[in-house]
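Here the structure comes first, spelled out in structure tokens, and everything after it is commentary.
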Amino acid sequence: MASSSSSTSLVNGLGSAFLTGGKKKSQALLSSPVSARTTGSKRLIIVVAAAAPKKSWIPAVKGGGNLIDPEWLDGSLPGDYGFDPLGLGKDPAFLKWYREAELIHGRWAMTAVVGIFVGQAWSGIPWFEAGAAPGAVAPFSFGTLLGTQLLLMGWVESKRWVDFFNPESQSVEWATPWSRTSENFANATGEQGYPGGKFFDPLSLAGTLKDGVYVPDTEKLERLKLAEIKHARLAMLAMLIFYFEAGQGKTPLGALGL
């Protein structure tokens, strides 16, 4: 008797508007007696998957207001552990912009960390003195180098800015004059910040090539997104440490005793 009562309570609970999305047909089916939905040996089995708890940026802490679990972060972004103590992501548009900025800075940081280690190991010159070294491969003055960088990066960044607010608007032939086919530079995944394709994913780590056409793999891409943002954050922290070391005249390899 107690078992029958518990089963009826469970079924009635599953028939709530919250779980059925407000659909009257589903509510009528779930709220009806169990016997009414049993025909011969066939039985309707309802399985409800419990939502996985959100991960916290503070170990062993599951909740605690907007400092630990902000309501504007729902865990859908790769690497989202609820860290936004300044509330920068309250506005969805700004949250999207900050995520793209984090990706770009992280990618530059990862490249810089590798370049700093390899460059010093190869030449023996500290990374913050490499440009001023007599043997540096830079036949330009500082002003010329800075002006060229501002010009080229300004052009690229301006196009990225336009594409952010109007996705794929820059994927045209004149935007890539060095290529006969702008398809090589188009967004193959449909997700901003992760273009994929034959040019941006030449090793097909997040997709496959079928008859010369790049086909993204959603499962692989999601795993790589999380791995990338984790490595990007570590690289940005590493660069911050490198800056402090440079202020004291030290290098990463020197700090490691190498």
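To be explicit about the labels: the chains of the structure tokens are called A, B, and onward in the order shown, and within each one the residues are counted from 1, while ligands get numbers from 1 in the order they are shown.
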*Pro92 (chain A): which residues within 12 Å, counting only C-alpha atoms, same-chain residues fewer than 2 positions away excluded, as a PyMOL selection string?*
chain A and resi 71-74+77+87-90+94-99
*asked:* I'd like to know which residues of region 80-155 of chain A are helix (DSSP H, G or I) (by DSSP, run on the backbone); could you write them as a PyMOL selection string?
replied: chain A and resi 92-123+130-132+142-155
*Atom pair CA of Ile68 (chain A) / CA of Leu221 (chain A): separation (Å)*: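 Between these atoms lies a distance of 27.5 Å.
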*Enter the distance from CA of Ser158 (chain A) to CA of Ala235 (chain A), in Å, rounded to one decimal.*
25.2 Å
*Enter the distance from CA of Val215 (chain A) to CA of Lys230 (chain A), in Å, rounded to one decimal.*
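Those two atoms sit 25.1 Å apart.
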*Have a look at A:Ile241, A:Leu67, A:Val118, A:Ala112 and name the one nearest to Tyr81 (chain A); count only C-alpha atoms.*
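Smallest distance to Tyr81 (chain A) is found for A:Leu67.
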